[in-house]
>>> print(open('protein.cif').read())   # mmCIF, N, CA and C atoms
data_upload
#
loop_
_atom_site.label_atom_id
_atom_site.label_comp_id
_atom_site.auth_asym_id
_atom_site.auth_seq_id
_atom_site.Cartn_x
_atom_site.Cartn_y
_atom_site.Cartn_z
N GLU I 62 0.84 -1.18 0.00
CA GLU I 62 0.00 0.00 0.00
C GLU I 62 0.88 1.24 0.00
N GLU I 63 0.42 2.26 -0.70
CA GLU I 63 1.17 3.51 -0.80
C GLU I 63 0.99 4.35 0.45
N MET I 64 2.06 5.04 0.84
CA MET I 64 2.03 5.92 2.01
C MET I 64 2.10 7.36 1.53
N LEU I 65 1.35 8.24 2.18
CA LEU I 65 1.45 9.66 1.91
C LEU I 65 2.32 10.27 2.99
N SER I 66 3.21 11.15 2.61
CA SER I 66 4.05 11.85 3.57
C SER I 66 3.45 13.23 3.81
N LEU I 67 2.83 13.41 4.97
CA LEU I 67 2.18 14.67 5.31
C LEU I 67 2.94 15.34 6.44
N VAL I 68 3.11 16.64 6.34
CA VAL I 68 3.79 17.41 7.35
C VAL I 68 2.88 18.54 7.77
N SER I 69 2.72 18.75 9.07
CA SER I 69 1.94 19.87 9.57
C SER I 69 2.85 20.74 10.41
N PHE I 70 2.83 22.04 10.12
CA PHE I 70 3.66 22.97 10.87
C PHE I 70 2.91 23.41 12.11
N GLY I 71 3.65 23.68 13.20
CA GLY I 71 3.06 24.14 14.45
C GLY I 71 2.38 25.48 14.26
N SER I 72 1.31 25.70 15.02
CA SER I 72 0.60 26.96 14.91
C SER I 72 1.01 27.89 16.04
N GLY I 73 1.08 29.16 15.71
CA GLY I 73 1.39 30.16 16.72
C GLY I 73 0.13 30.94 17.04
N ARG I 74 0.03 31.40 18.26
CA ARG I 74 -1.13 32.18 18.68
C ARG I 74 -0.85 33.65 18.40
N LYS I 75 -1.75 34.32 17.71
CA LYS I 75 -1.59 35.73 17.41
C LYS I 75 -2.43 36.55 18.38
N THR I 76 -1.85 37.63 18.85
CA THR I 76 -2.62 38.54 19.69
C THR I 76 -2.53 39.92 19.10
N SER I 77 -3.55 40.72 19.35
CA SER I 77 -3.50 42.11 18.89
C SER I 77 -3.37 43.00 20.13
N THR I 78 -2.72 44.12 19.97
CA THR I 78 -2.52 45.02 21.10
C THR I 78 -3.10 46.38 20.77
N ASP I 79 -3.54 47.09 21.83
CA ASP I 79 -4.03 48.46 21.61
C ASP I 79 -2.84 49.41 21.70
N ARG I 80 -3.11 50.70 21.60
CA ARG I 80 -2.01 51.68 21.58
C ARG I 80 -1.21 51.68 22.87
N GLY I 81 -1.82 51.29 23.97
CA GLY I 81 -1.11 51.27 25.23
C GLY I 81 -0.20 50.06 25.38
N GLY I 82 -0.24 49.15 24.44
CA GLY I 82 0.63 47.98 24.47
C GLY I 82 0.03 46.79 25.18
N SER I 83 -1.17 46.93 25.74
CA SER I 83 -1.76 45.79 26.43
C SER I 83 -2.52 44.93 25.43
N SER I 84 -2.65 43.69 25.77
CA SER I 84 -3.34 42.75 24.90
C SER I 84 -4.84 42.97 25.03
N SER I 85 -5.50 43.33 23.92
CA SER I 85 -6.92 43.65 23.98
C SER I 85 -7.80 42.50 23.55
N SER I 86 -7.32 41.67 22.68
CA SER I 86 -8.12 40.53 22.24
C SER I 86 -7.21 39.45 21.68
N LYS I 87 -7.71 38.24 21.75
CA LYS I 87 -6.93 37.13 21.20
C LYS I 87 -7.75 36.48 20.10
N ARG I 88 -7.06 36.18 19.03
CA ARG I 88 -7.70 35.46 17.93
C ARG I 88 -7.54 33.98 18.18
N ALA I 89 -8.46 33.22 17.64
CA ALA I 89 -8.33 31.78 17.72
C ALA I 89 -7.08 31.38 16.95
N PRO I 90 -6.35 30.37 17.43
CA PRO I 90 -5.16 29.97 16.70
C PRO I 90 -5.52 29.53 15.28
N SER I 91 -4.73 29.99 14.34
CA SER I 91 -5.00 29.61 12.95
C SER I 91 -4.47 28.21 12.70
N LYS I 92 -5.11 27.53 11.78
CA LYS I 92 -4.67 26.18 11.46
C LYS I 92 -3.39 26.27 10.64
N PRO I 93 -2.38 25.48 11.00
CA PRO I 93 -1.15 25.49 10.21
C PRO I 93 -1.38 24.80 8.87
N PRO I 94 -0.57 25.13 7.88
CA PRO I 94 -0.76 24.47 6.58
C PRO I 94 -0.39 23.00 6.65
N LEU I 95 -1.05 22.22 5.86
CA LEU I 95 -0.75 20.80 5.73
C LEU I 95 0.04 20.64 4.44
N VAL I 96 1.14 19.91 4.49
CA VAL I 96 2.04 19.77 3.34
C VAL I 96 2.11 18.31 2.92
N LEU I 97 1.90 18.07 1.64
CA LEU I 97 2.14 16.75 1.05
C LEU I 97 3.51 16.80 0.40
N GLU I 98 4.42 15.93 0.84
CA GLU I 98 5.72 15.81 0.19
C GLU I 98 5.63 14.62 -0.76
N LEU I 99 5.70 14.93 -2.03
CA LEU I 99 5.51 13.93 -3.07
C LEU I 99 6.79 13.74 -3.87
N PRO I 100 7.58 12.70 -3.55
CA PRO I 100 8.82 12.47 -4.31
C PRO I 100 8.48 11.97 -5.71
N ILE I 101 9.04 12.64 -6.70
CA ILE I 101 8.73 12.22 -8.08
C ILE I 101 9.91 11.50 -8.73
N TYR I 102 11.07 11.57 -8.09
CA TYR I 102 12.26 10.89 -8.61
C TYR I 102 12.97 10.23 -7.44
N GLU I 103 12.99 8.90 -7.44
CA GLU I 103 13.61 8.13 -6.36
C GLU I 103 14.38 6.95 -6.94
N CYS I 104 15.45 6.59 -6.27
CA CYS I 104 16.24 5.41 -6.68
C CYS I 104 16.60 5.46 -8.16
N GLN I 105 17.00 6.62 -8.62
CA GLN I 105 17.45 6.86 -9.99
C GLN I 105 16.39 6.57 -11.05
N ALA I 106 15.11 6.81 -10.67
CA ALA I 106 14.02 6.61 -11.63
C ALA I 106 12.84 7.51 -11.28
N PHE I 107 12.09 7.90 -12.31
CA PHE I 107 10.86 8.66 -12.10
C PHE I 107 9.77 7.72 -11.62
N LYS I 108 8.97 8.17 -10.68
CA LYS I 108 7.78 7.40 -10.29
C LYS I 108 6.79 7.49 -11.45
N SER I 109 5.94 6.51 -11.58
CA SER I 109 4.96 6.54 -12.67
C SER I 109 3.93 7.64 -12.41
N ARG I 110 3.45 8.22 -13.48
CA ARG I 110 2.46 9.30 -13.36
C ARG I 110 1.19 8.81 -12.68
N SER I 111 0.81 7.57 -12.94
CA SER I 111 -0.43 7.06 -12.32
C SER I 111 -0.29 6.98 -10.80
N ILE I 112 0.86 6.58 -10.31
CA ILE I 112 1.08 6.53 -8.85
C ILE I 112 1.07 7.95 -8.28
N LEU I 113 1.75 8.87 -8.95
CA LEU I 113 1.79 10.26 -8.49
C LEU I 113 0.39 10.88 -8.48
N GLU I 114 -0.37 10.65 -9.52
CA GLU I 114 -1.73 11.19 -9.60
C GLU I 114 -2.62 10.61 -8.50
N ARG I 115 -2.47 9.32 -8.24
CA ARG I 115 -3.28 8.66 -7.20
C ARG I 115 -2.95 9.23 -5.81
N GLN I 116 -1.65 9.43 -5.53
CA GLN I 116 -1.25 10.00 -4.24
C GLN I 116 -1.74 11.44 -4.09
N LEU I 117 -1.65 12.20 -5.16
CA LEU I 117 -2.13 13.58 -5.14
C LEU I 117 -3.64 13.63 -4.92
N ALA I 118 -4.37 12.77 -5.59
CA ALA I 118 -5.83 12.72 -5.44
C ALA I 118 -6.22 12.34 -4.01
N ARG I 119 -5.52 11.39 -3.42
CA ARG I 119 -5.80 11.00 -2.03
C ARG I 119 -5.61 12.18 -1.09
N PHE I 120 -4.52 12.91 -1.27
CA PHE I 120 -4.24 14.07 -0.43
C PHE I 120 -5.33 15.13 -0.60
N GLN I 121 -5.68 15.43 -1.82
CA GLN I 121 -6.68 16.46 -2.08
C GLN I 121 -8.04 16.06 -1.51
N ASN I 122 -8.37 14.78 -1.57
CA ASN I 122 -9.64 14.31 -1.02
C ASN I 122 -9.65 14.38 0.50
N LEU I 123 -8.48 14.17 1.12
CA LEU I 123 -8.39 14.26 2.59
C LEU I 123 -8.47 15.70 3.07
N THR I 124 -7.91 16.62 2.32
CA THR I 124 -7.78 18.00 2.79
C THR I 124 -8.93 18.91 2.43
N ALA I 125 -9.64 18.61 1.39
CA ALA I 125 -10.74 19.47 0.98
C ALA I 125 -11.94 18.62 0.58
N PRO I 126 -12.65 18.10 1.58
CA PRO I 126 -13.82 17.28 1.27
C PRO I 126 -14.86 18.08 0.51
N ILE I 127 -15.80 17.40 -0.05
CA ILE I 127 -16.86 18.04 -0.82
C ILE I 127 -17.55 19.08 0.06
N GLY I 128 -17.73 20.27 -0.49
CA GLY I 128 -18.38 21.34 0.24
C GLY I 128 -17.43 22.30 0.92
N GLN I 129 -16.17 21.91 1.10
CA GLN I 129 -15.18 22.79 1.72
C GLN I 129 -14.38 23.47 0.63
N LYS I 130 -14.15 24.76 0.78
CA LYS I 130 -13.38 25.50 -0.21
C LYS I 130 -11.91 25.15 -0.05
N PRO I 131 -11.23 24.74 -1.13
CA PRO I 131 -9.81 24.40 -1.02
C PRO I 131 -8.94 25.54 -0.52
N ALA I 132 -9.26 26.79 -0.87
CA ALA I 132 -8.43 27.91 -0.45
C ALA I 132 -8.41 28.06 1.07
N LYS I 133 -9.46 27.65 1.74
CA LYS I 133 -9.53 27.74 3.19
C LYS I 133 -8.72 26.63 3.87
N SER I 134 -8.35 25.62 3.14
CA SER I 134 -7.69 24.47 3.76
C SER I 134 -6.19 24.65 3.96
N LYS I 135 -5.59 25.71 3.40
CA LYS I 135 -4.17 26.03 3.58
C LYS I 135 -3.28 24.81 3.33
N CYS I 136 -3.26 24.35 2.11
CA CYS I 136 -2.48 23.17 1.77
C CYS I 136 -1.36 23.50 0.79
N ILE I 137 -0.28 22.74 0.95
CA ILE I 137 0.88 22.90 0.09
C ILE I 137 1.23 21.53 -0.47
N VAL I 138 1.47 21.48 -1.76
CA VAL I 138 1.95 20.26 -2.40
C VAL I 138 3.41 20.50 -2.74
N LYS I 139 4.29 19.72 -2.11
CA LYS I 139 5.73 19.87 -2.34
C LYS I 139 6.19 18.70 -3.22
N LEU I 140 6.58 19.03 -4.43
CA LEU I 140 7.05 18.04 -5.39
C LEU I 140 8.57 17.92 -5.23
N GLU I 141 9.01 16.81 -4.67
CA GLU I 141 10.42 16.58 -4.40
C GLU I 141 11.09 15.97 -5.63
N CYS I 142 12.07 16.68 -6.18
CA CYS I 142 12.70 16.23 -7.43
C CYS I 142 13.87 15.28 -7.23
N GLY I 143 14.56 15.37 -6.13
CA GLY I 143 15.72 14.51 -5.94
C GLY I 143 16.84 14.88 -6.90
N LEU I 144 17.76 13.96 -7.08
CA LEU I 144 18.93 14.20 -7.94
C LEU I 144 18.69 13.70 -9.35
N VAL I 145 17.86 14.42 -10.08
CA VAL I 145 17.54 14.07 -11.47
C VAL I 145 18.75 14.38 -12.35
N PRO I 146 19.15 13.43 -13.21
CA PRO I 146 20.27 13.72 -14.12
C PRO I 146 19.92 14.87 -15.07
N LYS I 147 20.93 15.64 -15.44
CA LYS I 147 20.71 16.78 -16.33
C LYS I 147 20.07 16.37 -17.65
N ALA I 148 20.38 15.19 -18.12
CA ALA I 148 19.82 14.69 -19.39
C ALA I 148 18.29 14.52 -19.32
N ASP I 149 17.75 14.39 -18.11
CA ASP I 149 16.31 14.18 -17.93
C ASP I 149 15.55 15.44 -17.52
N ILE I 150 16.16 16.60 -17.72
CA ILE I 150 15.55 17.84 -17.24
C ILE I 150 14.23 18.15 -17.95
N ARG I 151 14.13 17.86 -19.25
CA ARG I 151 12.86 18.09 -19.97
C ARG I 151 11.76 17.15 -19.47
N LYS I 152 12.12 15.91 -19.22
CA LYS I 152 11.14 14.96 -18.67
C LYS I 152 10.69 15.41 -17.29
N LEU I 153 11.62 15.91 -16.49
CA LEU I 153 11.28 16.42 -15.16
C LEU I 153 10.29 17.58 -15.29
N ASN I 154 10.57 18.51 -16.16
CA ASN I 154 9.68 19.66 -16.35
C ASN I 154 8.29 19.22 -16.80
N GLN I 155 8.22 18.29 -17.74
CA GLN I 155 6.92 17.81 -18.21
C GLN I 155 6.14 17.12 -17.09
N THR I 156 6.84 16.36 -16.26
CA THR I 156 6.18 15.70 -15.13
C THR I 156 5.67 16.73 -14.13
N LEU I 157 6.47 17.74 -13.84
CA LEU I 157 6.06 18.81 -12.92
C LEU I 157 4.85 19.56 -13.46
N LEU I 158 4.87 19.90 -14.75
CA LEU I 158 3.74 20.61 -15.37
C LEU I 158 2.48 19.75 -15.33
N HIS I 159 2.63 18.48 -15.60
CA HIS I 159 1.51 17.54 -15.58
C HIS I 159 0.86 17.51 -14.19
N LEU I 160 1.69 17.42 -13.15
CA LEU I 160 1.16 17.35 -11.79
C LEU I 160 0.57 18.69 -11.35
N GLU I 161 1.21 19.79 -11.72
CA GLU I 161 0.72 21.12 -11.33
C GLU I 161 -0.69 21.35 -11.87
N ARG I 162 -0.97 20.86 -13.06
CA ARG I 162 -2.31 21.01 -13.65
C ARG I 162 -3.36 20.24 -12.86
N ARG I 163 -2.94 19.23 -12.12
CA ARG I 163 -3.87 18.40 -11.36
C ARG I 163 -4.04 18.84 -9.90
N VAL I 164 -3.26 19.80 -9.48
CA VAL I 164 -3.39 20.32 -8.12
C VAL I 164 -4.55 21.32 -8.09
N ARG I 165 -5.40 21.21 -7.09
CA ARG I 165 -6.57 22.08 -6.98
C ARG I 165 -6.18 23.55 -6.86
N LYS I 166 -7.08 24.40 -7.37
CA LYS I 166 -6.91 25.84 -7.20
C LYS I 166 -6.93 26.13 -5.70
N GLY I 167 -6.14 27.11 -5.31
CA GLY I 167 -6.07 27.46 -3.90
C GLY I 167 -4.93 26.79 -3.16
N PHE I 168 -4.39 25.72 -3.74
CA PHE I 168 -3.25 25.05 -3.13
C PHE I 168 -1.98 25.68 -3.68
N VAL I 169 -0.94 25.70 -2.87
CA VAL I 169 0.37 26.19 -3.29
C VAL I 169 1.20 24.99 -3.72
N VAL I 170 2.01 25.18 -4.76
CA VAL I 170 2.91 24.12 -5.23
C VAL I 170 4.34 24.58 -5.00
N VAL I 171 5.11 23.73 -4.31
CA VAL I 171 6.52 23.99 -4.04
C VAL I 171 7.32 22.89 -4.72
N VAL I 172 8.38 23.29 -5.42
CA VAL I 172 9.25 22.32 -6.10
C VAL I 172 10.56 22.25 -5.33
N GLY I 173 10.78 21.11 -4.65
CA GLY I 173 12.03 20.87 -3.93
C GLY I 173 13.06 20.35 -4.92
N ILE I 174 14.13 21.13 -5.11
CA ILE I 174 15.05 20.82 -6.19
C ILE I 174 16.47 21.29 -5.85
N PRO I 175 17.49 20.53 -6.28
CA PRO I 175 18.86 21.01 -6.09
C PRO I 175 19.11 22.26 -6.95
N PHE I 176 20.03 23.09 -6.50
CA PHE I 176 20.30 24.37 -7.17
C PHE I 176 20.63 24.20 -8.66
N ASP I 177 21.53 23.28 -8.99
CA ASP I 177 21.92 23.08 -10.40
C ASP I 177 20.72 22.75 -11.28
N ARG I 178 19.83 21.91 -10.79
CA ARG I 178 18.66 21.53 -11.58
C ARG I 178 17.64 22.67 -11.67
N MET I 179 17.59 23.51 -10.63
CA MET I 179 16.71 24.67 -10.70
C MET I 179 17.16 25.60 -11.82
N VAL I 180 18.47 25.79 -11.92
CA VAL I 180 19.01 26.63 -12.99
C VAL I 180 18.69 26.01 -14.34
N ASP I 181 18.88 24.70 -14.47
CA ASP I 181 18.56 24.01 -15.74
C ASP I 181 17.08 24.14 -16.10
N LEU I 182 16.21 23.94 -15.11
CA LEU I 182 14.77 24.06 -15.35
C LEU I 182 14.39 25.48 -15.75
N SER I 183 14.99 26.46 -15.11
CA SER I 183 14.62 27.86 -15.38
C SER I 183 15.02 28.30 -16.79
N ARG I 184 15.92 27.58 -17.42
CA ARG I 184 16.35 27.93 -18.78
C ARG I 184 15.41 27.40 -19.86
N LEU I 185 14.49 26.52 -19.48
CA LEU I 185 13.53 25.99 -20.46
C LEU I 185 12.46 27.02 -20.77
N LYS I 186 12.01 27.05 -22.03
CA LYS I 186 10.98 28.02 -22.44
C LYS I 186 9.68 27.84 -21.68
N ASP I 187 9.30 26.60 -21.43
CA ASP I 187 8.03 26.31 -20.77
C ASP I 187 8.23 25.85 -19.32
N THR I 188 9.21 26.44 -18.65
CA THR I 188 9.55 26.00 -17.30
C THR I 188 8.37 26.06 -16.33
N ILE I 189 8.35 25.14 -15.42
CA ILE I 189 7.33 25.09 -14.37
C ILE I 189 7.34 26.37 -13.55
N PHE I 190 8.47 27.04 -13.47
CA PHE I 190 8.60 28.24 -12.63
C PHE I 190 7.89 29.46 -13.21
N LEU I 191 7.32 29.34 -14.41
CA LEU I 191 6.50 30.42 -14.96
C LEU I 191 5.08 30.40 -14.42
N LYS I 192 4.72 29.34 -13.74
CA LYS I 192 3.39 29.22 -13.15
C LYS I 192 3.33 30.08 -11.89
N GLY I 193 2.27 30.86 -11.73
CA GLY I 193 2.16 31.81 -10.64
C GLY I 193 2.12 31.23 -9.24
N ARG I 194 1.64 30.02 -9.09
CA ARG I 194 1.52 29.45 -7.74
C ARG I 194 2.63 28.46 -7.41
N VAL I 195 3.67 28.42 -8.25
CA VAL I 195 4.78 27.48 -8.06
C VAL I 195 5.99 28.22 -7.51
N TYR I 196 6.55 27.68 -6.43
CA TYR I 196 7.70 28.28 -5.77
C TYR I 196 8.82 27.25 -5.64
N PRO I 197 10.06 27.68 -5.88
CA PRO I 197 11.19 26.75 -5.70
C PRO I 197 11.57 26.62 -4.23
N SER I 198 12.03 25.45 -3.88
CA SER I 198 12.58 25.19 -2.56
C SER I 198 13.92 24.52 -2.82
N LEU I 199 14.99 25.26 -2.58
CA LEU I 199 16.32 24.75 -2.93
C LEU I 199 16.82 23.72 -1.96
N LYS I 200 17.50 22.73 -2.53
CA LYS I 200 18.20 21.72 -1.74
C LYS I 200 19.66 21.78 -2.14
N ILE I 201 20.49 21.79 -1.14
CA ILE I 201 21.93 21.78 -1.41
C ILE I 201 22.50 20.49 -0.86
N TYR I 202 23.10 19.71 -1.74
CA TYR I 202 23.72 18.44 -1.34
C TYR I 202 25.20 18.67 -1.16
N LEU I 203 25.71 18.31 -0.01
CA LEU I 203 27.13 18.48 0.28
C LEU I 203 27.87 17.17 0.15
#
>>> encode(input="protein.cif", output="structure tokens")
Amino acid sequence: EEMLSLVSFGSGRKTSTDRGGSSSSKRAPSKPPLVLELPIYECQAFKSRSILERQLARFQNLTAPIGQKPAKSKCIVKLECGLVPKADIRKLNQTLLHLERRVRKGFVVVVGIPFDRMVDLSRLKDTIFLKGRVYPSLKIYL
């Protein structure tokens, strides 16, 4: 059976203060974002698109049930690229674009990628980084 890797960040309590500096009211703690870490390249091979789509669909169904607005659910899909060979950079970009199209509106997409591959991806005409809701997350391997 497939496992989903979900990460939840701790929530902080926000307070507002009046001009005198005293705490006048407290807001309810906000829900921290839920993050799906989806490795797309492991053990020197790309995962199949059908497996990736199935894992993404499971996450989206868990986080935004019918009737709930996805934008209110504060979810992030982190596509982990791993150490993709430079020769496979176009395939990586196509896989990322394919998955980004399947992520619900309102969700943020983060691409976890080593610096060298981020540079390679950014040089492509149709790079994933041209999408407005996609953000790079650099990984440095020492």
>>> closest_residue(input="protein.cif", among="I:Asp187, I:Ile112, I:Arg194, I:Ile174", to="I:Arg151", atoms="only C-alpha atoms")
I:Asp187
>>> atom_distance(input="protein.cif", atom1="atom CA of I:Asp177", atom2="atom C of I:Glu103")
18.1 Å
>>> resolve_selection(input="protein.cif", expression="the PyMOL selection byres ((chain I and resi 97-100) around 5)", output="PyMOL selection string")
chain I and resi 66-67+95-96+101-102+137-141
>>> residues_around(input="protein.cif", residues="I:Leu203", least_positions_apart="2", cutoff="12 Å", atoms="only C-alpha atoms", output="JSON, numbers by chain")
{"I": [175, 176, 200, 201]}
>>> atom_distance(input="protein.cif", atom1="atom C of I:Lys147", atom2="atom CA of I:Leu113")
21.3 Å
>>> atom_distance(input="protein.cif", atom1="atom C of I:Ser111", atom2="atom C of I:Asn154")
16.1 Å
>>> closest_residue(input="protein.cif", among="I:Lys108, I:Lys152, I:Lys92, I:Lys166", to="I:Ile189", atoms="only C-alpha atoms")
I:Lys152
>>> resolve_selection(input="protein.cif", expression="the PyMOL selection byres ((chain I and resi 168) around 6)", output="count of residues only")
10
>>> closest_residue(input="protein.cif", among="I:Pro146, I:Glu114, I:Gly173, I:Leu199", to="I:Leu160", atoms="only C-alpha atoms")
I:Glu114
